[in-house]
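Structure file model.cif; described as mmCIF, C-alpha atoms.
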data_start
loop_
_atom_site.label_atom_id
_atom_site.label_comp_id
_atom_site.auth_asym_id
_atom_site.auth_seq_id
_atom_site.Cartn_x
_atom_site.Cartn_y
_atom_site.Cartn_z
CA MET A 1 197.16 -114.92 63.49
CA LYS A 2 195.30 -112.34 65.57
CA ARG A 3 198.21 -109.88 65.25
CA SER A 4 198.22 -110.24 61.44
CA ILE A 5 194.46 -109.54 61.28
CA ILE A 6 194.90 -106.41 63.42
CA THR A 7 197.82 -105.29 61.25
CA PHE A 8 195.77 -105.82 58.07
CA TRP A 9 192.80 -103.91 59.54
CA ALA A 10 195.07 -100.99 60.55
CA MET A 11 196.72 -100.91 57.11
CA ASN A 12 193.33 -101.01 55.39
CA LYS A 13 192.06 -98.15 57.55
CA LEU A 14 195.16 -96.09 56.74
CA THR A 15 194.74 -96.83 53.03
CA VAL A 16 191.13 -95.60 53.12
CA ARG A 17 192.22 -92.37 54.83
CA VAL A 18 194.93 -91.80 52.24
CA GLN A 19 192.36 -92.37 49.48
CA GLN A 20 190.11 -89.66 50.88
CA PHE A 21 193.01 -87.22 51.02
CA LEU A 22 194.21 -88.04 47.51
CA PHE A 23 190.73 -87.67 46.02
CA VAL A 24 190.43 -84.16 47.47
CA LEU A 25 193.95 -83.37 46.19
CA LEU A 26 192.82 -84.49 42.73
CA GLY A 27 190.28 -81.65 42.80
CA VAL A 28 193.09 -79.21 43.62
CA PHE A 29 195.50 -80.24 40.87
CA ILE A 30 193.27 -81.07 37.89
CA PRO A 31 192.93 -77.33 37.07
CA THR A 32 196.56 -76.54 37.86
CA SER A 33 199.07 -79.34 37.18
CA ILE A 34 199.04 -82.24 34.73
CA ALA A 35 202.22 -83.74 36.24
CA ILE A 36 200.91 -83.79 39.83
CA THR A 37 197.51 -85.06 38.66
CA ASN A 38 199.33 -87.94 36.99
CA LEU A 39 201.18 -88.71 40.24
CA ILE A 40 197.96 -88.64 42.29
CA ILE A 41 196.26 -91.03 39.85
CA GLY A 42 199.18 -93.45 40.28
CA LEU A 43 198.92 -93.23 44.09
CA LEU A 44 195.15 -93.76 43.99
CA ALA A 45 195.64 -96.86 41.84
CA LEU A 46 198.20 -98.14 44.37
CA CYS A 47 195.77 -97.53 47.24
CA TRP A 48 193.06 -99.34 45.28
CA ILE A 49 195.30 -102.40 45.08
CA LEU A 50 196.41 -102.22 48.73
CA GLU A 51 192.81 -101.90 49.89
CA ARG A 52 192.08 -105.30 48.32
CA ASN A 53 188.42 -106.33 48.70
CA PHE A 54 188.56 -107.21 45.00
CA LYS A 55 185.43 -109.37 44.94
CA ALA A 56 183.20 -106.50 46.06
CA LYS A 57 184.87 -104.19 43.57
CA PHE A 58 184.44 -106.60 40.69
CA ASP A 59 180.80 -107.09 41.66
CA ILE A 60 180.27 -103.32 41.31
CA ILE A 61 182.02 -103.34 37.92
CA LYS A 62 179.97 -106.31 36.66
CA SER A 63 176.72 -104.60 37.67
CA SER A 64 177.57 -101.43 35.71
CA LYS A 65 176.70 -101.56 32.00
CA TRP A 66 178.78 -98.51 31.15
CA MET A 67 181.89 -99.91 32.89
CA LEU A 68 181.47 -103.17 31.01
CA ALA A 69 181.21 -101.13 27.80
CA ILE A 70 184.55 -99.49 28.65
CA PHE A 71 186.25 -102.87 29.01
CA ALA A 72 184.56 -104.02 25.79
CA LEU A 73 185.89 -100.94 23.95
CA ILE A 74 189.43 -101.57 25.25
CA GLY A 75 189.13 -105.23 24.24
CA PHE A 76 187.95 -104.24 20.77
CA TYR A 77 190.97 -101.95 20.38
CA ILE A 78 193.15 -104.99 21.14
CA LEU A 79 191.28 -106.98 18.48
CA GLY A 80 191.76 -104.01 16.13
CA LEU A 81 195.43 -104.98 15.87
CA LEU A 82 194.35 -108.04 13.86
CA TRP A 83 193.12 -106.10 10.83
CA GLY A 84 194.51 -103.27 8.72
CA GLY A 85 198.17 -102.79 7.90
CA GLN A 86 198.89 -99.49 9.69
CA HIS A 87 199.35 -99.76 13.48
CA LEU A 88 202.20 -97.30 14.07
CA ASN A 89 200.18 -95.20 16.54
CA ALA A 90 198.83 -98.19 18.47
CA ASP A 91 201.17 -97.61 21.45
CA TRP A 92 199.92 -94.01 21.74
CA GLN A 93 196.35 -95.29 21.57
CA PHE A 94 196.80 -97.85 24.35
CA GLN A 95 198.39 -95.23 26.61
CA ARG A 96 195.17 -93.21 26.26
CA LEU A 97 192.96 -96.24 26.74
CA ALA A 98 194.74 -96.95 30.02
CA LEU A 99 193.23 -93.69 31.33
CA LEU A 100 189.77 -95.23 31.10
CA LEU A 101 190.80 -97.77 33.76
CA VAL A 102 190.76 -94.89 36.25
CA PHE A 103 186.95 -95.04 35.96
CA PRO A 104 186.54 -98.37 37.80
CA VAL A 105 189.26 -97.38 40.28
CA LEU A 106 187.45 -94.23 41.43
CA MET A 107 183.96 -95.72 41.12
CA THR A 108 184.79 -98.65 43.41
CA MET A 109 186.81 -96.77 46.02
CA ASN A 110 185.41 -96.34 49.50
CA LEU A 111 184.73 -92.59 49.28
CA LYS A 112 182.91 -90.85 52.11
CA GLN A 113 180.27 -88.21 51.43
CA GLU A 114 182.31 -85.66 53.34
CA THR A 115 185.26 -86.41 51.07
CA ILE A 116 183.14 -85.87 47.95
CA LYS A 117 181.90 -82.50 49.25
CA ARG A 118 185.43 -81.40 50.09
CA ALA A 119 186.60 -82.50 46.66
CA VAL A 120 183.88 -80.38 45.04
CA PHE A 121 185.05 -77.22 46.78
CA ALA A 122 188.70 -78.11 46.24
CA PHE A 123 187.97 -78.32 42.51
CA LEU A 124 185.77 -75.20 42.35
CA GLY A 125 188.12 -73.17 44.56
CA THR A 126 191.23 -74.08 42.59
CA ALA A 127 189.41 -73.44 39.30
CA PHE A 128 188.55 -69.99 40.71
CA ILE A 129 192.22 -69.35 41.51
CA SER A 130 193.16 -70.49 38.01
CA ALA A 131 190.52 -68.25 36.42
CA SER A 132 191.59 -65.28 38.56
CA ALA A 133 195.25 -65.80 37.62
CA ALA A 134 194.29 -65.94 33.93
CA ILE A 135 192.29 -62.71 34.24
CA ALA A 136 195.23 -61.02 35.98
CA ILE A 137 197.64 -62.21 33.27
CA ASN A 138 195.37 -61.02 30.47
CA ASN A 139 195.18 -57.58 32.07
CA ASN A 140 198.92 -57.38 32.89
CA ILE A 141 198.12 -57.22 36.60
CA ILE A 142 200.42 -60.12 37.35
CA SER A 143 203.55 -58.81 35.59
CA PRO A 144 205.00 -56.96 38.63
CA LEU A 145 204.67 -60.17 40.63
CA GLY A 146 206.36 -62.33 38.01
CA GLU A 147 209.42 -63.23 40.09
CA TYR A 148 207.20 -64.51 42.90
CA LEU A 149 204.87 -66.44 40.58
CA SER A 150 207.38 -68.20 38.38
CA PHE A 151 205.37 -71.44 38.66
CA ILE A 152 202.78 -69.86 36.34
CA GLU A 153 203.87 -70.22 32.74
CA ILE A 154 202.82 -67.01 30.97
CA SER A 155 202.40 -67.52 27.22
CA TRP A 156 199.71 -67.29 24.54
CA ARG A 157 199.00 -70.98 25.08
CA ASN A 158 198.76 -70.84 28.86
CA PRO A 159 196.14 -68.55 30.44
CA ALA A 160 197.53 -69.62 33.83
CA PHE A 161 198.58 -73.16 34.72
CA ILE A 162 197.57 -75.33 31.73
CA THR A 163 196.94 -74.75 28.02
CA TYR A 164 194.00 -72.54 27.05
CA ASN A 165 191.89 -75.26 25.39
CA TYR A 166 192.00 -77.46 28.52
CA HIS A 167 191.73 -74.55 30.96
CA ASN A 168 188.69 -73.21 29.11
CA VAL A 169 186.82 -76.53 29.22
CA ILE A 170 187.59 -77.15 32.91
CA LEU A 171 186.20 -73.72 33.80
CA ALA A 172 183.05 -74.42 31.78
CA LEU A 173 182.49 -77.72 33.63
CA ALA A 174 183.17 -75.94 36.94
CA THR A 175 180.56 -73.33 35.98
CA THR A 176 177.93 -76.01 35.29
CA LEU A 177 178.65 -77.67 38.65
CA SER A 178 178.44 -74.28 40.41
CA PHE A 179 175.08 -73.56 38.74
CA TYR A 180 173.77 -76.91 39.97
CA MET A 181 174.86 -76.26 43.55
CA LEU A 182 173.56 -72.70 43.50
CA ILE A 183 170.16 -73.43 41.93
CA GLU A 184 169.43 -76.47 44.07
CA LYS A 185 170.90 -74.81 47.20
CA LYS A 186 173.47 -77.52 47.85
CA SER A 187 175.77 -75.13 49.69
CA LYS A 188 175.38 -72.40 52.27
CA TYR A 189 178.12 -70.45 50.49
CA SER A 190 175.89 -69.12 47.70
CA TYR A 191 177.70 -65.77 47.45
CA LEU A 192 181.00 -67.58 47.09
CA LEU A 193 179.56 -69.70 44.28
CA LEU A 194 178.34 -66.53 42.54
CA LEU A 195 181.84 -65.08 42.80
CA PHE A 196 183.26 -68.29 41.33
CA ILE A 197 180.84 -68.20 38.40
CA VAL A 198 181.65 -64.55 37.60
CA ALA A 199 185.40 -65.30 37.56
CA TYR A 200 184.91 -68.43 35.46
CA VAL A 201 182.79 -66.60 32.87
CA ILE A 202 185.17 -63.63 32.57
CA SER A 203 188.10 -65.99 32.09
CA ILE A 204 186.23 -68.21 29.61
CA PHE A 205 185.23 -65.31 27.37
CA THR A 206 188.53 -63.42 27.42
CA GLU A 207 190.68 -66.36 26.30
CA ARG A 208 191.26 -68.22 23.04
CA GLY A 209 189.41 -71.44 23.87
CA ARG A 210 186.05 -71.86 22.13
CA ALA A 211 184.81 -75.22 23.41
CA GLY A 212 184.34 -73.89 26.94
CA GLN A 213 182.41 -70.89 25.61
CA VAL A 214 179.99 -73.17 23.76
CA ILE A 215 179.54 -75.43 26.81
CA PHE A 216 178.75 -72.38 28.97
CA ASN A 217 176.19 -71.11 26.44
CA LEU A 218 174.50 -74.50 26.08
CA SER A 219 174.28 -74.93 29.87
CA ALA A 220 172.95 -71.40 30.33
CA VAL A 221 170.30 -71.90 27.63
CA PHE A 222 169.29 -75.21 29.21
CA TYR A 223 168.82 -73.67 32.66
CA ILE A 224 166.95 -70.67 31.28
CA ILE A 225 164.51 -72.88 29.34
CA TYR A 226 164.12 -75.54 32.05
CA TYR A 227 163.35 -73.13 34.90
CA ASN A 228 161.29 -70.65 32.88
CA ARG A 229 159.40 -72.91 30.47
CA LYS A 230 156.11 -71.95 32.12
CA ASN A 231 156.86 -68.22 32.04
CA LEU A 232 157.53 -67.32 28.40
CA LEU A 233 158.03 -63.62 29.10
CA ARG A 234 160.80 -64.27 31.62
CA LEU A 235 162.25 -67.01 29.38
CA PHE A 236 162.63 -64.68 26.39
CA ALA A 237 163.91 -61.85 28.62
CA LEU A 238 166.69 -64.07 29.99
CA LEU A 239 167.59 -65.41 26.54
CA ILE A 240 167.85 -61.84 25.25
CA LEU A 241 170.02 -60.99 28.26
CA LEU A 242 172.31 -63.95 27.48
CA PHE A 243 172.67 -62.99 23.81
CA SER A 244 173.20 -59.35 24.77
CA PHE A 245 176.06 -60.49 26.97
CA GLN A 246 177.54 -62.35 23.98
CA PHE A 247 177.21 -59.22 21.83
CA ILE A 248 178.90 -57.02 24.44
CA VAL A 249 181.76 -59.51 24.81
CA TYR A 250 182.09 -59.70 21.02
CA LYS A 251 182.30 -55.92 20.67
CA SER A 252 184.63 -55.35 23.62
CA THR A 253 186.99 -58.34 23.54
CA THR A 254 189.53 -58.68 20.72
CA VAL A 255 190.29 -62.34 21.37
CA TYR A 256 186.65 -63.43 21.37
CA LYS A 257 185.85 -61.35 18.27
CA SER A 258 188.79 -62.64 16.25
CA ARG A 259 188.11 -66.27 17.15
CA PHE A 260 184.38 -65.92 16.46
CA ASP A 261 184.98 -64.20 13.11
CA ALA A 262 187.53 -66.82 12.07
CA VAL A 263 185.11 -69.68 12.70
CA SER A 264 182.21 -67.82 11.05
CA ASN A 265 184.25 -67.16 7.90
CA VAL A 266 185.38 -70.77 7.65
CA ILE A 267 181.77 -72.01 8.02
CA LYS A 268 180.44 -69.49 5.50
CA ASN A 269 183.10 -70.45 2.94
CA ASN A 270 182.73 -74.20 3.54
CA GLY A 271 186.28 -74.61 4.84
CA ASP A 272 187.93 -72.17 2.43
CA ARG A 273 190.20 -69.83 4.42
CA GLY A 274 190.97 -67.46 1.54
CA LYS A 275 193.35 -67.04 -1.35
CA GLY A 276 196.75 -68.68 -0.90
CA LYS A 277 195.70 -70.59 2.25
CA ASN A 278 195.08 -74.28 2.73
CA GLU A 279 191.57 -75.52 3.35
CA ASP A 280 190.66 -75.48 7.05
CA ILE A 281 192.22 -78.56 8.62
CA ARG A 282 189.04 -79.56 10.49
CA TYR A 283 187.14 -79.62 7.20
CA VAL A 284 189.89 -81.79 5.75
CA PHE A 285 189.64 -84.17 8.70
CA ILE A 286 185.85 -84.51 8.41
CA LYS A 287 185.78 -84.84 4.62
CA GLU A 288 188.69 -87.27 4.30
CA SER A 289 187.67 -89.32 7.36
CA LEU A 290 184.11 -89.79 6.15
CA SER A 291 185.19 -90.75 2.64
CA ARG A 292 187.44 -93.48 4.03
CA ILE A 293 184.94 -94.60 6.69
CA LEU A 294 182.37 -95.22 3.96
CA GLU A 295 184.86 -97.58 2.31
CA LYS A 296 185.29 -99.67 5.49
CA PRO A 297 182.34 -98.84 7.77
CA ILE A 298 182.08 -102.17 9.60
CA PHE A 299 185.56 -102.80 11.08
CA GLY A 300 187.52 -99.70 10.07
CA TYR A 301 191.24 -99.58 9.38
CA GLY A 302 192.54 -101.05 12.64
CA THR A 303 193.99 -99.71 15.89
CA GLY A 304 196.52 -96.88 15.51
CA SER A 305 195.92 -96.44 11.78
CA PHE A 306 194.53 -92.92 11.51
CA GLY A 307 197.71 -90.84 11.76
CA THR A 308 199.73 -93.00 9.36
CA ILE A 309 196.99 -93.17 6.72
CA PHE A 310 196.46 -89.40 6.76
CA GLU A 311 200.18 -88.69 6.60
CA ASN A 312 200.73 -91.07 3.69
CA GLU A 313 197.56 -90.59 1.66
CA VAL A 314 196.01 -87.15 2.22
CA LYS A 315 197.56 -84.38 0.12
CA SER A 316 195.94 -81.16 1.31
CA GLY A 317 198.98 -79.00 2.05
CA HIS A 318 198.80 -79.78 5.77
CA TYR A 319 201.36 -81.66 7.81
CA PHE A 320 199.68 -84.63 9.49
CA ASP A 321 202.76 -86.09 11.21
CA THR A 322 201.72 -84.55 14.56
CA HIS A 323 198.02 -85.46 14.23
CA THR A 324 196.92 -88.85 15.48
CA THR A 325 193.18 -88.08 15.59
CA PRO A 326 190.70 -86.17 13.36
CA HIS A 327 189.69 -83.81 16.20
CA ASN A 328 186.41 -85.68 16.51
CA GLN A 329 186.07 -88.61 18.92
CA TYR A 330 183.23 -90.29 17.04
CA LEU A 331 184.95 -90.17 13.64
CA TYR A 332 188.20 -91.32 15.22
CA VAL A 333 186.74 -94.45 16.79
CA TRP A 334 184.62 -95.20 13.70
CA PHE A 335 187.67 -94.76 11.42
CA GLU A 336 189.82 -97.24 13.35
CA LEU A 337 187.30 -99.71 14.79
CA GLY A 338 184.30 -99.36 12.49
CA ILE A 339 180.66 -99.20 13.52
CA PHE A 340 181.10 -101.75 16.33
CA GLY A 341 183.67 -99.54 18.06
CA LEU A 342 181.44 -96.49 17.65
CA VAL A 343 178.47 -98.34 19.17
CA LEU A 344 180.59 -99.35 22.19
CA LEU A 345 181.66 -95.72 22.69
CA LEU A 346 178.04 -94.54 22.54
CA LEU A 347 176.94 -97.29 24.93
CA ILE A 348 179.32 -95.93 27.58
CA PHE A 349 177.61 -92.55 27.56
CA TYR A 350 174.10 -93.88 26.99
CA ASN A 351 174.31 -96.00 30.13
CA GLN A 352 175.94 -93.19 32.11
CA LEU A 353 173.07 -90.89 31.13
CA LYS A 354 170.55 -93.53 32.24
CA GLU A 355 172.36 -94.02 35.56
CA LEU A 356 172.53 -90.32 36.37
CA PHE A 357 169.02 -89.47 35.20
CA LYS A 358 167.50 -91.97 37.63
CA LYS A 359 169.07 -90.17 40.59
CA LYS A 360 167.55 -87.25 42.44
CA ASP A 361 168.35 -84.02 40.56
CA GLY A 362 169.11 -86.23 37.58
CA ILE A 363 168.26 -83.39 35.19
CA HIS A 364 171.32 -81.53 36.51
CA ARG A 365 173.61 -84.53 36.64
CA VAL A 366 173.11 -85.54 33.00
CA LEU A 367 174.53 -82.19 31.87
CA LEU A 368 178.03 -83.55 32.58
CA PRO A 369 177.98 -86.47 30.07
CA LEU A 370 175.92 -84.41 27.60
CA SER A 371 178.52 -81.63 27.73
CA PHE A 372 181.34 -84.11 27.25
CA MET A 373 179.54 -85.76 24.34
CA PHE A 374 179.35 -82.36 22.67
CA LEU A 375 183.05 -81.76 23.33
CA MET A 376 183.87 -85.02 21.56
CA LEU A 377 182.45 -83.51 18.38
CA VAL A 378 185.29 -80.98 18.25
CA ASP A 379 188.21 -83.08 19.52
CA SER A 380 189.12 -86.52 20.82
CA TYR A 381 188.58 -85.43 24.42
CA PHE A 382 187.97 -88.97 25.68
CA PHE A 383 191.65 -89.67 25.00
CA ILE A 384 193.15 -86.38 26.26
CA PHE A 385 194.78 -86.96 29.66
CA ILE A 386 193.77 -84.00 31.82
CA LEU A 387 190.24 -83.68 30.41
CA THR A 388 189.60 -87.43 30.60
CA ILE A 389 190.71 -87.40 34.25
CA CYS A 390 188.60 -84.29 34.89
CA TYR A 391 185.55 -86.04 33.43
CA ILE A 392 186.17 -89.22 35.45
CA PHE A 393 186.66 -87.17 38.63
CA LEU A 394 183.46 -85.16 38.06
CA TYR A 395 181.45 -88.22 37.02
CA THR A 396 182.50 -89.90 40.28
CA ILE A 397 181.16 -86.88 42.16
CA TYR A 398 177.93 -86.57 40.15
CA SER A 399 177.14 -90.27 40.47
CA ARG A 400 178.20 -90.92 44.07
CA TYR A 401 176.99 -87.77 45.79
CA HIS A 402 173.92 -88.67 47.85
CA GLN A 403 171.18 -86.18 48.62
CA GLN A 404 170.31 -85.71 52.24
#

Turn this file's structure into structure tokens for me.
Amino acid sequence: MKRSIITFWAMNKLTVRVQQFLFVLLGVFIPTSIAITNLIIGLLALCWILERNFKAKFDIIKSSKWMLAIFALIGFYILGLLWGGQHLNADWQFQRLALLLVFPVLMTMNLKQETIKRAVFAFLGTAFISASAAIAINNNIISPLGEYLSFIEISWRNPAFITYNYHNVILALATTLSFYMLIEKKSKYSYLLLLFIVAYVISIFTERGRAGQVIFNLSAVFYIIYYNRKNLLRLFALLILLFSFQFIVYKSTTVYKSRFDAVSNVIKNNGDRGKGKNEDIRYVFIKESLSRILEKPIFGYGTGSFGTIFENEVKSGHYFDTHTTPHNQYLYVWFELGIFGLVLLLLIFYNQLKELFKKKDGIHRVLLPLSFMFLMLVDSYFFIFILTICYIFLYTIYSRYHQQ
């Protein structure tokens, strides 16, 4: 009996050590490899099971309103199979919902403060490497080294390691975290953080992704207003400096200019992209989704219904066979689950905002969920693997990091 207790204690101690290592590794591979990130998540889930102590973990889950809201949303998606006649994409939907279970796994793990700090720099350092690689690729610096860097997929979709729209957002979130650490002096490596921020910003504004650019601008405007609200002269000077930076980037960067002009023209023409072209697909998604939501606002059309309904019913000249969401998280949930599903989604973030705001430096911490809530306006980011995992990883850090 005594031997079995000692063996269990030793195994549990080893499991905890492995968890610390894997959590730091997660910070390394989120910006660089979807496949390895997936593997690490599986290993962390295994460690969570082997660690046992389920009663304490379930007590933490039961005391968290936002975690209960996650389970309620998943449960409502299961109920959503009972109504509507189009559930062909339900299996895809439940694969994405399974990602949300990583939240309680990470939030109830026995993470040490030293582990969290190491994970922060693992994430920021690897994001810096990713940004630097993207800058080198964009400027053809990396071409002579191609045979030695074959693990970097060079294409218009991949600035470095992952696709531009994911890479861009991860760098924007890394920038916000770096600003927090720099402003509040959470690290003695302030010059290193400044170097990181410069690389992130150059990479963000010389690539095709737009969501990361908007997140950077919103965070920058927030910090300028928050820290200079009592000095109007300095506040306006910094805002002018920020907009001057945007103007310089617009005039000197072809990618940024073309993407900015394309969006501006679509907005000006209310979705019309010009003679002989189909209406902008995002306008189609919003218009057609809202018209159908208003027909069934309470319960929606059922789990996994969006893609099939659009493919069968919407005749706009677009092919919807590869689209399972309307590129808007709120419309997507409302379309399939009705107003009750939308309320559950909002409750997750509302309670996360309340939890973070109550902590010391809460004004910095709430920028993470606020940024992600904005991102969900332009795509279904809560169901996109690498960005969902990135958000869960960063939320774990923002919520569990204790001030000294």

Query raised in the report: Care to translate the PyMOL selection byres ((chain A and resi 125-139) around 8) into actual residues of this file, as a ChimeraX atom specification?
Result: /A:27-29,31-32,121-124,140-143,154,159-161,170-171,174,196,199-200,202-203,206

Dump of C-alpha atoms for the selected residues, as a PDB file, in the coordinates of the input:
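The resulting file, result13.pdb, is shown below:
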ATOM      1  CA  GLY A  27     190.280 -81.650  42.800  1.00  0.00           C
ATOM      2  CA  VAL A  28     193.090 -79.210  43.620  1.00  0.00           C
ATOM      3  CA  PHE A  29     195.500 -80.240  40.870  1.00  0.00           C
ATOM      4  CA  PRO A  31     192.930 -77.330  37.070  1.00  0.00           C
ATOM      5  CA  THR A  32     196.560 -76.540  37.860  1.00  0.00           C
ATOM      6  CA  PHE A 121     185.050 -77.220  46.780  1.00  0.00           C
ATOM      7  CA  ALA A 122     188.700 -78.110  46.240  1.00  0.00           C
ATOM      8  CA  PHE A 123     187.970 -78.320  42.510  1.00  0.00           C
ATOM      9  CA  LEU A 124     185.770 -75.200  42.350  1.00  0.00           C
ATOM     10  CA  ASN A 140     198.920 -57.380  32.890  1.00  0.00           C
ATOM     11  CA  ILE A 141     198.120 -57.220  36.600  1.00  0.00           C
ATOM     12  CA  ILE A 142     200.420 -60.120  37.350  1.00  0.00           C
ATOM     13  CA  SER A 143     203.550 -58.810  35.590  1.00  0.00           C
ATOM     14  CA  ILE A 154     202.820 -67.010  30.970  1.00  0.00           C
ATOM     15  CA  PRO A 159     196.140 -68.550  30.440  1.00  0.00           C
ATOM     16  CA  ALA A 160     197.530 -69.620  33.830  1.00  0.00           C
ATOM     17  CA  PHE A 161     198.580 -73.160  34.720  1.00  0.00           C
ATOM     18  CA  ILE A 170     187.590 -77.150  32.910  1.00  0.00           C
ATOM     19  CA  LEU A 171     186.200 -73.720  33.800  1.00  0.00           C
ATOM     20  CA  ALA A 174     183.170 -75.940  36.940  1.00  0.00           C
ATOM     21  CA  PHE A 196     183.260 -68.290  41.330  1.00  0.00           C
ATOM     22  CA  ALA A 199     185.400 -65.300  37.560  1.00  0.00           C
ATOM     23  CA  TYR A 200     184.910 -68.430  35.460  1.00  0.00           C
ATOM     24  CA  ILE A 202     185.170 -63.630  32.570  1.00  0.00           C
ATOM     25  CA  SER A 203     188.100 -65.990  32.090  1.00  0.00           C
ATOM     26  CA  THR A 206     188.530 -63.420  27.420  1.00  0.00           C
TER      27      THR A 206
END

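Residues surrounding range 299-308 of chain A within 7 Å are Tyr77, Gly80, Leu81, Trp83, Gly84, Gln86, His87, Leu88, Asn89, Ala90, Gln93, Ile293, Phe320, Asp321, His323, Thr324, Thr325, Trp334, Phe335, Glu336, Leu337, Gly338, Ile339 and Phe340 of chain A [all atoms listed in the file; sequence separation below 6 positions excluded].
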
Residues just named, written with C-alpha atoms as a PDB file, keeping the file's coordinate frame:
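Listing of selection-v6.pdb after writing:
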ATOM      1  CA  TYR A  77     190.970-101.950  20.380  1.00  0.00           C
ATOM      2  CA  GLY A  80     191.760-104.010  16.130  1.00  0.00           C
ATOM      3  CA  LEU A  81     195.430-104.980  15.870  1.00  0.00           C
ATOM      4  CA  TRP A  83     193.120-106.100  10.830  1.00  0.00           C
ATOM      5  CA  GLY A  84     194.510-103.270   8.720  1.00  0.00           C
ATOM      6  CA  GLN A  86     198.890 -99.490   9.690  1.00  0.00           C
ATOM      7  CA  HIS A  87     199.350 -99.760  13.480  1.00  0.00           C
ATOM      8  CA  LEU A  88     202.200 -97.300  14.070  1.00  0.00           C
ATOM      9  CA  ASN A  89     200.180 -95.200  16.540  1.00  0.00           C
ATOM     10  CA  ALA A  90     198.830 -98.190  18.470  1.00  0.00           C
ATOM     11  CA  GLN A  93     196.350 -95.290  21.570  1.00  0.00           C
ATOM     12  CA  ILE A 293     184.940 -94.600   6.690  1.00  0.00           C
ATOM     13  CA  PHE A 320     199.680 -84.630   9.490  1.00  0.00           C
ATOM     14  CA  ASP A 321     202.760 -86.090  11.210  1.00  0.00           C
ATOM     15  CA  HIS A 323     198.020 -85.460  14.230  1.00  0.00           C
ATOM     16  CA  THR A 324     196.920 -88.850  15.480  1.00  0.00           C
ATOM     17  CA  THR A 325     193.180 -88.080  15.590  1.00  0.00           C
ATOM     18  CA  TRP A 334     184.620 -95.200  13.700  1.00  0.00           C
ATOM     19  CA  PHE A 335     187.670 -94.760  11.420  1.00  0.00           C
ATOM     20  CA  GLU A 336     189.820 -97.240  13.350  1.00  0.00           C
ATOM     21  CA  LEU A 337     187.300 -99.710  14.790  1.00  0.00           C
ATOM     22  CA  GLY A 338     184.300 -99.360  12.490  1.00  0.00           C
ATOM     23  CA  ILE A 339     180.660 -99.200  13.520  1.00  0.00           C
ATOM     24  CA  PHE A 340     181.100-101.750  16.330  1.00  0.00           C
TER      25      PHE A 340
END

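Residues surrounding Leu97 in chain A within 9 Å are Leu73, Ile74, Tyr77, Trp92, Gln93, Leu101, Phe382 and Phe383 of chain A [all atoms listed in the file; sequence separation below 4 positions excluded].
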
Report task. Give me, please, the distance in Å between CA of Lys186 in chain A and CA of Ile386 in chain A, quoted to one decimal. Result -> 26.7 Å

Query raised in the report: Skipping near chain neighbours, those fewer than 6 positions away, what residues fall within 9 Å of range 390-396 of chain A using only C-alpha atoms, listed as a PyMOL selection string?
Result: chain A and resi 23+26-27+30-31+100+102-103+106-107+116+120+170+173+177+352+365+368-369+372+382

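Here CA of Val333 in chain A and CA of Val214 in chain A stand 23.4 Å from one another.
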
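Nearest residue to Leu345 in chain A, choosing from A:Lys117, A:Asn270, A:Arg229, A:Ala69 and counting all atoms listed in the file: A:Ala69.
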